[in-house]
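Student: Dropping in model-v4.txt, which is compact mmCIF, C-alpha atoms:
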# COMPACT_ATOMS: atom_id res chain seq x y z
CA MET A 7 134.40 -51.88 -221.02
CA LYS A 8 133.33 -51.09 -217.48
CA ASN A 9 129.74 -50.79 -218.64
CA LEU A 10 129.87 -54.26 -220.18
CA ARG A 11 131.20 -55.76 -216.92
CA LEU A 12 128.48 -54.00 -214.91
CA CYS A 13 125.78 -55.28 -217.26
CA GLY A 14 127.21 -58.80 -216.99
CA ARG A 15 127.15 -58.68 -213.20
CA LEU A 16 123.58 -57.40 -213.16
CA ALA A 17 122.51 -60.16 -215.55
CA ALA A 18 124.14 -62.82 -213.38
CA LEU A 19 122.49 -61.40 -210.26
CA ALA A 20 119.09 -61.40 -211.98
CA LEU A 21 119.63 -65.03 -213.02
CA VAL A 22 120.37 -66.05 -209.43
CA PHE A 23 117.24 -64.30 -208.10
CA SER A 24 115.02 -65.74 -210.84
CA THR A 25 116.29 -69.26 -210.12
CA ALA A 26 115.69 -68.90 -206.37
CA PHE A 27 112.17 -67.51 -206.75
CA GLY A 28 111.32 -70.12 -209.36
CA ALA A 29 112.28 -72.95 -207.03
CA GLN A 30 110.24 -71.41 -204.19
CA ALA A 31 107.24 -71.04 -206.50
CA GLN A 32 107.43 -74.73 -207.35
CA VAL A 33 107.31 -75.66 -203.63
CA ARG A 34 104.33 -73.41 -202.81
CA ALA A 35 100.93 -74.59 -203.99
CA PRO A 36 98.85 -72.10 -205.97
CA TYR A 37 96.35 -70.14 -203.93
CA ASN A 38 93.34 -71.80 -205.56
CA ALA A 39 94.79 -75.33 -205.56
CA PRO A 40 92.74 -77.93 -203.64
CA LEU A 41 94.08 -78.75 -200.21
CA ALA A 42 95.56 -82.17 -199.64
CA PRO A 43 93.24 -84.49 -197.67
CA ARG A 44 93.92 -84.43 -193.95
CA PRO A 45 94.84 -87.74 -192.36
CA LYS A 46 91.92 -89.46 -190.60
CA GLN A 47 92.02 -89.07 -186.85
CA TYR A 48 90.99 -91.94 -184.63
CA SER A 49 89.49 -91.38 -181.20
CA THR A 50 91.36 -92.89 -178.31
CA THR A 51 88.09 -93.61 -176.47
CA THR A 52 86.31 -96.88 -177.19
CA THR A 53 82.55 -97.18 -177.04
CA LEU A 54 81.65 -99.88 -174.53
CA PRO A 55 78.80 -102.27 -175.16
CA ALA A 56 75.55 -101.49 -173.43
CA SER A 57 76.02 -104.29 -170.89
CA ALA A 58 79.36 -102.86 -169.79
CA GLN A 59 78.07 -99.29 -169.70
CA SER A 60 75.25 -100.31 -167.38
CA GLN A 61 77.58 -101.93 -164.88
CA GLY A 62 77.86 -100.38 -161.47
CA VAL A 63 76.79 -100.98 -157.89
CA ARG A 64 73.00 -101.34 -157.80
CA PHE A 65 70.63 -101.76 -154.88
CA GLY A 66 67.29 -103.45 -154.89
CA LEU A 67 64.24 -104.87 -153.14
CA ARG A 68 63.16 -108.51 -153.27
CA ALA A 69 59.97 -110.28 -152.11
CA GLY A 70 58.24 -113.55 -152.80
CA VAL A 71 56.78 -116.81 -151.53
CA ASN A 72 58.36 -119.72 -149.63
CA VAL A 73 57.48 -123.39 -149.57
CA ALA A 74 59.33 -124.59 -146.46
CA ASP A 75 59.94 -128.01 -144.96
CA TRP A 76 62.34 -129.97 -142.76
CA SER A 77 64.57 -132.85 -143.74
CA GLY A 78 66.58 -135.29 -141.65
CA ASP A 79 66.32 -138.35 -139.43
CA ALA A 80 63.65 -136.79 -137.26
CA VAL A 81 61.45 -136.14 -140.28
CA GLN A 82 61.95 -139.69 -141.48
CA SER A 83 60.77 -140.92 -138.08
CA VAL A 84 57.61 -138.86 -138.47
CA LEU A 85 57.01 -140.33 -141.90
CA ASP A 86 57.45 -143.82 -140.50
CA VAL A 87 54.83 -143.08 -137.86
CA ALA A 88 52.54 -141.64 -140.53
CA GLU A 89 52.69 -144.92 -142.45
CA LEU A 90 51.71 -146.84 -139.32
CA THR A 91 48.71 -144.59 -138.73
CA ASN A 92 47.28 -145.33 -142.19
CA GLY A 93 47.27 -141.66 -143.12
CA ALA A 94 45.94 -140.36 -139.81
CA VAL A 95 49.16 -138.34 -139.41
CA THR A 96 50.74 -136.53 -142.36
CA LYS A 97 53.66 -134.16 -142.82
CA GLU A 98 53.06 -131.09 -144.95
CA THR A 99 55.07 -128.13 -146.21
CA ARG A 100 54.59 -124.74 -144.65
CA PRO A 101 53.82 -121.80 -146.96
CA GLY A 102 55.30 -118.43 -146.12
CA PHE A 103 56.93 -115.34 -147.60
CA HIS A 104 60.25 -113.52 -147.74
CA ALA A 105 61.18 -109.87 -148.23
CA GLY A 106 64.42 -107.94 -148.08
CA ILE A 107 67.12 -105.83 -149.68
CA TYR A 108 70.28 -106.57 -151.65
CA ALA A 109 73.24 -104.95 -153.43
CA THR A 110 74.68 -106.10 -156.75
CA LEU A 111 78.46 -105.58 -157.08
CA PRO A 112 79.74 -106.19 -160.65
CA LEU A 113 82.90 -108.26 -161.07
CA GLY A 114 83.24 -107.87 -164.83
CA ALA A 115 80.94 -108.21 -167.81
CA HIS A 116 79.52 -111.60 -166.82
CA PHE A 117 79.86 -111.93 -163.05
CA ALA A 118 78.57 -110.15 -159.94
CA LEU A 119 78.56 -110.53 -156.17
CA GLU A 120 75.25 -110.02 -154.40
CA PRO A 121 75.03 -109.77 -150.59
CA GLY A 122 71.60 -109.30 -149.06
CA LEU A 123 69.43 -109.25 -145.95
CA THR A 124 66.03 -110.99 -146.03
CA TYR A 125 63.25 -111.77 -143.60
CA SER A 126 62.13 -115.32 -144.37
CA GLU A 127 59.46 -117.65 -142.97
CA LYS A 128 60.36 -121.32 -142.67
CA GLY A 129 59.26 -124.44 -140.77
CA THR A 130 57.04 -127.44 -141.36
CA GLN A 131 53.62 -128.79 -140.43
CA LEU A 132 52.12 -132.02 -139.08
CA ALA A 133 48.46 -132.82 -139.47
CA GLY A 134 46.42 -135.52 -137.77
CA ARG A 135 42.83 -136.68 -137.88
CA VAL A 136 40.60 -139.05 -135.96
CA PRO A 137 41.30 -142.44 -137.60
CA LEU A 138 37.84 -143.89 -136.99
CA GLU A 139 35.40 -144.30 -139.85
CA ARG A 140 32.31 -143.61 -137.73
CA PHE A 141 33.73 -140.17 -136.87
CA GLU A 142 34.80 -139.18 -140.38
CA PHE A 143 31.73 -136.99 -140.79
CA LEU A 144 33.09 -134.77 -138.03
CA ASN A 145 36.21 -134.00 -140.06
CA ALA A 146 37.98 -133.72 -136.72
CA GLY A 147 41.69 -133.08 -136.81
CA VAL A 148 44.65 -131.34 -135.25
CA THR A 149 47.63 -129.55 -136.81
CA ALA A 150 50.98 -128.58 -135.33
CA THR A 151 52.91 -125.97 -137.33
CA ALA A 152 56.50 -124.89 -136.69
CA ARG A 153 56.30 -121.19 -137.49
CA MET A 154 59.96 -120.17 -137.82
CA ALA A 155 61.15 -116.71 -138.87
CA TYR A 156 64.76 -115.96 -139.85
CA LEU A 157 66.92 -113.09 -140.97
CA ASP A 158 68.80 -114.55 -143.94
CA MET A 159 72.17 -113.08 -144.94
CA PRO A 160 73.19 -114.65 -148.27
CA VAL A 161 76.34 -113.80 -150.24
CA LEU A 162 75.62 -114.92 -153.79
CA ALA A 163 77.87 -115.25 -156.82
CA LYS A 164 75.95 -114.53 -160.04
CA ALA A 165 77.00 -115.65 -163.51
CA TYR A 166 75.21 -114.19 -166.55
CA LEU A 167 74.64 -116.80 -169.27
CA THR A 168 73.07 -114.37 -171.74
CA ARG A 169 71.85 -110.80 -171.52
CA GLY A 170 69.50 -110.81 -168.51
CA LEU A 171 69.61 -114.55 -167.79
CA TYR A 172 71.76 -115.64 -164.85
CA ILE A 173 72.38 -118.41 -162.35
CA TYR A 174 73.49 -117.90 -158.75
CA ALA A 175 74.89 -119.82 -155.79
CA GLY A 176 76.54 -119.10 -152.48
CA PRO A 177 76.56 -119.48 -148.69
CA GLN A 178 73.90 -118.16 -146.37
CA ALA A 179 73.86 -117.50 -142.62
CA SER A 180 70.50 -117.15 -140.88
CA TYR A 181 69.53 -115.80 -137.47
CA LEU A 182 66.43 -117.22 -135.79
CA VAL A 183 64.14 -114.30 -134.92
CA SER A 184 61.19 -116.30 -133.62
CA ASN A 185 59.94 -119.89 -133.46
CA LYS A 186 56.46 -120.76 -132.29
CA VAL A 187 54.57 -124.01 -132.60
CA ARG A 188 50.90 -123.41 -133.34
CA VAL A 189 48.57 -126.21 -132.33
CA ALA A 190 45.06 -126.03 -133.76
CA ALA A 191 42.14 -128.45 -133.50
CA GLY A 192 38.69 -128.40 -134.95
CA ALA A 193 35.72 -130.32 -136.20
CA LEU A 194 32.90 -129.76 -138.69
CA GLY A 195 34.85 -126.83 -140.12
CA PHE A 196 34.95 -124.98 -136.80
CA SER A 197 38.06 -124.17 -134.81
CA ALA A 198 37.86 -125.68 -131.35
CA PHE A 199 41.36 -124.87 -130.13
CA LYS A 200 44.31 -122.72 -131.21
CA GLN A 201 47.40 -122.01 -129.16
CA ASP A 202 50.95 -120.79 -129.88
CA TYR A 203 53.89 -122.15 -127.89
CA ASP A 204 57.21 -120.30 -127.93
CA VAL A 205 60.00 -122.83 -128.52
CA ARG A 206 62.73 -120.50 -129.77
CA ASN A 207 65.09 -121.32 -126.86
CA GLN A 208 65.03 -124.99 -127.87
CA PHE A 209 66.45 -124.31 -131.36
CA ARG A 210 69.80 -123.03 -132.59
CA GLU A 211 69.94 -119.29 -133.18
CA LEU A 212 72.29 -119.60 -136.16
CA ASP A 213 71.60 -121.71 -139.21
CA PHE A 214 73.89 -122.17 -142.22
CA ALA A 215 72.87 -123.16 -145.73
CA VAL A 216 73.91 -123.17 -149.37
CA VAL A 217 71.66 -121.35 -151.82
CA GLY A 218 71.27 -121.78 -155.56
CA GLY A 219 68.90 -120.84 -158.35
CA ALA A 220 68.34 -118.91 -161.56
CA GLY A 221 66.69 -115.69 -162.65
CA TYR A 222 66.13 -113.10 -165.35
CA GLN A 223 66.73 -109.35 -165.02
CA PHE A 224 64.87 -107.05 -167.41
CA GLU A 225 66.26 -103.74 -168.68
CA ASN A 226 63.75 -101.72 -166.63
CA GLY A 227 65.13 -103.14 -163.35
CA LEU A 228 62.37 -105.69 -162.76
CA GLY A 229 63.49 -109.28 -162.25
CA LEU A 230 62.20 -112.80 -161.57
CA SER A 231 64.04 -115.63 -159.84
CA ALA A 232 63.55 -119.05 -158.28
CA GLY A 233 65.89 -120.82 -155.89
CA TYR A 234 66.42 -123.43 -153.22
CA ASP A 235 67.86 -123.16 -149.69
CA TYR A 236 69.60 -126.32 -148.50
CA GLY A 237 70.16 -126.16 -144.74
CA LEU A 238 73.37 -127.63 -143.35
CA SER A 239 72.89 -127.16 -139.59
CA SER A 240 70.83 -129.32 -137.26
CA LEU A 241 68.00 -127.19 -135.89
CA ASP A 242 67.74 -128.68 -132.40
CA LYS A 243 69.85 -126.85 -129.84
CA ASP A 244 70.43 -129.92 -127.64
CA ASN A 245 70.85 -132.46 -130.47
CA ARG A 246 67.78 -134.43 -129.40
CA PHE A 247 66.65 -134.77 -133.01
CA ASP A 248 68.18 -134.21 -136.41
CA ALA A 249 66.39 -131.86 -138.83
CA GLN A 250 67.48 -129.23 -141.36
CA ASN A 251 65.66 -126.45 -143.18
CA ARG A 252 64.66 -126.85 -146.82
CA VAL A 253 63.05 -123.92 -148.66
CA ILE A 254 61.87 -123.40 -152.24
CA LYS A 255 61.66 -119.70 -153.16
CA ALA A 256 60.03 -117.73 -155.96
CA SER A 257 60.85 -114.02 -156.00
CA VAL A 258 60.18 -110.72 -157.73
CA ASN A 259 62.89 -108.06 -157.43
CA LEU A 260 63.43 -104.46 -158.44
CA SER A 261 66.92 -103.00 -158.98
CA PHE A 262 67.55 -99.27 -159.02
Written as structure tokens, that's how I'd like the structure from this file.
Tutor:
Amino acid sequence: MKNLRLCGRLAALALVFSTAFGAQAQVRAPYNAPLAPRPKQYSTTTTLPASAQSQGVRFGLRAGVNVADWSGDAVQSVLDVAELTNGAVTKETRPGFHAGIYATLPLGAHFALEPGLTYSEKGTQLAGRVPLERFEFLNAGVTATARMAYLDMPVLAKAYLTRGLYIYAGPQASYLVSNKVRVAAGALGFSAFKQDYDVRNQFRELDFAVVGGAGYQFENGLGLSAGYDYGLSSLDKDNRFDAQNRVIKASVNLSF
């Protein structure tokens, strides 16, 4: 009787162990079973577009040509005199150049701020000739050229319309470095007289203007631009005449 009870207990214990191990075997995957696919992991870093990746403070060099002139009541008076002289006196633009440095400070994907410092030649020119037909063969004439040189300090706001193409505008303060009037006379193709007169102390040292234009910046750092300087200040120190600077610019720049 005792043996039967012992056998029954052993059988029950075996049944409990077999049930427990069977359940555990069902939970565990077989050794050679394929692993379940791992969930796809997404990177928390986002790849920026090339235009955003290239953003950063950049410095550069700029140089180009100027076509300078004056505008104002004084210039209109000269033109009125020129009409009375039947072309014996004419007003002409003064060619020159500009060169300087700048820094481009990005303000987002499509905007930038660009302060700079530029040496720039400005001024105007008057030309006169002998208004007598019998002396035309001499080709005698005289020119008076206002040879002004400034240090321009523009602060430009740039807006990119497309990749590389932009427009710009902003204020500009200019300091008059030198101002000489060159008077030259000649005849038959020969120079008979040439003299420079320093008139810097008769003109305002500071000039203010608004600047605007457009340009294109290539991927290699080379750029092209064209703009216009519209002077706001009267140039004469003692307000004896009214004239303002006007300058058309064409530039080549290199950013690095």
Student: By how many Å are atom CA of A:Asp79 and atom CA of A:Gly176 apart?
Tutor: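 Rounded to one decimal, the two atoms are 25.4 Å apart.
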Student: Fewer than 6 positions away in the same chain doesn't count, so skip those; otherwise give me all residues within 9 Å of stretch 233-249 of chain A, counting all atoms listed in the file, as a count of residues only.
Tutor: 26
Student: Near A:Val148, counting all atoms listed in the file, which residues have an atom at most 7 Å away, once you skip same-chain residues fewer than 6 positions from it, shown as a PyMOL selection string?
Tutor: chain A and resi 133-135+190-192
Student: Please return the centre and edge lengths, in Å to one decimal, of a box with edges along x, y and z that contains all listed atoms of stretch 162-181 of chain A, widened by 4 Å on every side, as AutoDock Vina command-line options.
Tutor:
--center_x 73.7 --center_y -115.3 --center_z -154.6 --size_x 16.4 --size_y 17.0 --size_z 42.3
Student: Could you give me, as a ChimeraX atom specification, the residues that sit within 6 Å of (59.8, -110.4, -150.5) in the file's coordinates, counting only C-alpha atoms?
Tutor: /A:68-70,104-106
Student: Measuring between all atoms listed in the file, which one of A:Asp86, A:Gly62, A:Gly114, A:Glu127 shows the shortest distance to A:Arg252?
Tutor: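 The shortest atom-to-atom distance to A:Arg252 comes from A:Glu127.
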Student: Show me the residues close to (57.4, -120.3, -145.2) - anything with an atom within 9 Å, counting all atoms listed in the file - and format the list as a PyMOL selection string.
Tutor: chain A and resi 71-75+99-104+126-130+153-155+253-254
Student: Work out how far atom CA of A:Asn259 is from atom CA of A:Phe224, in Å to one decimal.
Tutor: 10.2 Å
Student: Measuring between only C-alpha atoms, which one of A:Asn251, A:Thr151, A:Asn226, A:Ser180 shows the shortest distance to A:Val205?
Tutor: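 For A:Val205, the nearest of the candidates is A:Thr151.
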